[in-house]
Amino acid sequence: MQFKNNTKRGNVTIQGLRSFKDTLPKNVKKIINKKGHIYSETLGNWRYIVGDDLFKVCYPKTFKNSNKFGVSTLMVMVKRGHEIDMEYSKKDILDKMNSFFGYSVVEKLKFISFDDEQKIFSKKELHQENVAINKYQNKINDVKNDKIKKSLIELTKVFKEK
């Protein structure tokens, strides 16, 4: 890698391969330097921090760093019905996080509950012949790839419903 001083502009340019962090925009670098490290390490080690039982029912949503108006807060999404378990283990989670990082990273945990119901939708059987206009139906039938043909038919169903 060669360093070349560009004297007309007053800044230094680097020729050759650059590291990934040098290619990022300045705004992204600021975000990563402020919050990115703590949040990404928390996401990566969440199972170790909370344990296997709580890992199945919660995950970290955001991390807000401390400033002159507030303390550092970790927002955790919790499945409805498991809020009490999280509230009882709040102190343990704070202690584990702070010991994991080696200093007082998180001072407050905030829980947000969400529903985890998986809704199963039944597909209405529609006749493929009546879905699209005949002009387009003939063109769809001429397509040789089955996956593309099925996706085009599904697309026409969506447009027909609207």
# chains A, B, ... in the order shown; residues from 1 in each chain; ligands from 1
call {"tool": "select_by_dssp", "arguments": {"residues": "segment 59-160 of chain A", "states": "alpha helix (DSSP H)", "output": "ChimeraX atom specification"}}
result
/A:83-88,90-101,134-142,146-160
call {"tool": "closest_residue", "arguments": {"among": "A:Val105, A:Ile148, A:Leu54, A:Ile140", "to": "Glu41 of chain A", "atoms": "only C-alpha atoms"}}
result
A:Val105
call {"tool": "atom_distance", "arguments": {"atom1": "atom CA of Leu94 of chain A", "atom2": "atom CA of Val78 of chain A"}}
result
16.0 Å
call {"tool": "atom_distance", "arguments": {"atom1": "atom CA of Ile49 of chain A", "atom2": "atom CA of Asn67 of chain A"}}
result
24.5 Å
call {"tool": "residues_around", "arguments": {"residues": "Asp53 of chain A", "least_positions_apart": "6", "cutoff": "12 Å", "atoms": "only C-alpha atoms", "output": "MDAnalysis selection string"}}
result
chainID A and resid 46:47 59 82 85:86 89
call {"tool": "closest_residue", "arguments": {"among": "A:Ile38, A:Ile153, A:Leu17, A:Lys160", "to": "Gly102 of chain A", "atoms": "only C-alpha atoms"}}
result
A:Ile38
call {"tool": "closest_residue", "arguments": {"among": "A:Lys96, A:Lys157, A:Lys30, A:Lys90", "to": "Asn45 of chain A", "atoms": "only C-alpha atoms"}}
result
A:Lys96
call {"tool": "closest_residue", "arguments": {"among": "A:Ser66, A:Asp95, A:Glu83, A:Thr23", "to": "Phe114 of chain A", "atoms": "only C-alpha atoms"}}
result
A:Glu83
call {"tool": "closest_residue", "arguments": {"among": "A:Lys29, A:Lys135, A:Lys147, A:Lys91", "to": "Val50 of chain A", "atoms": "only C-alpha atoms"}}
result
A:Lys91
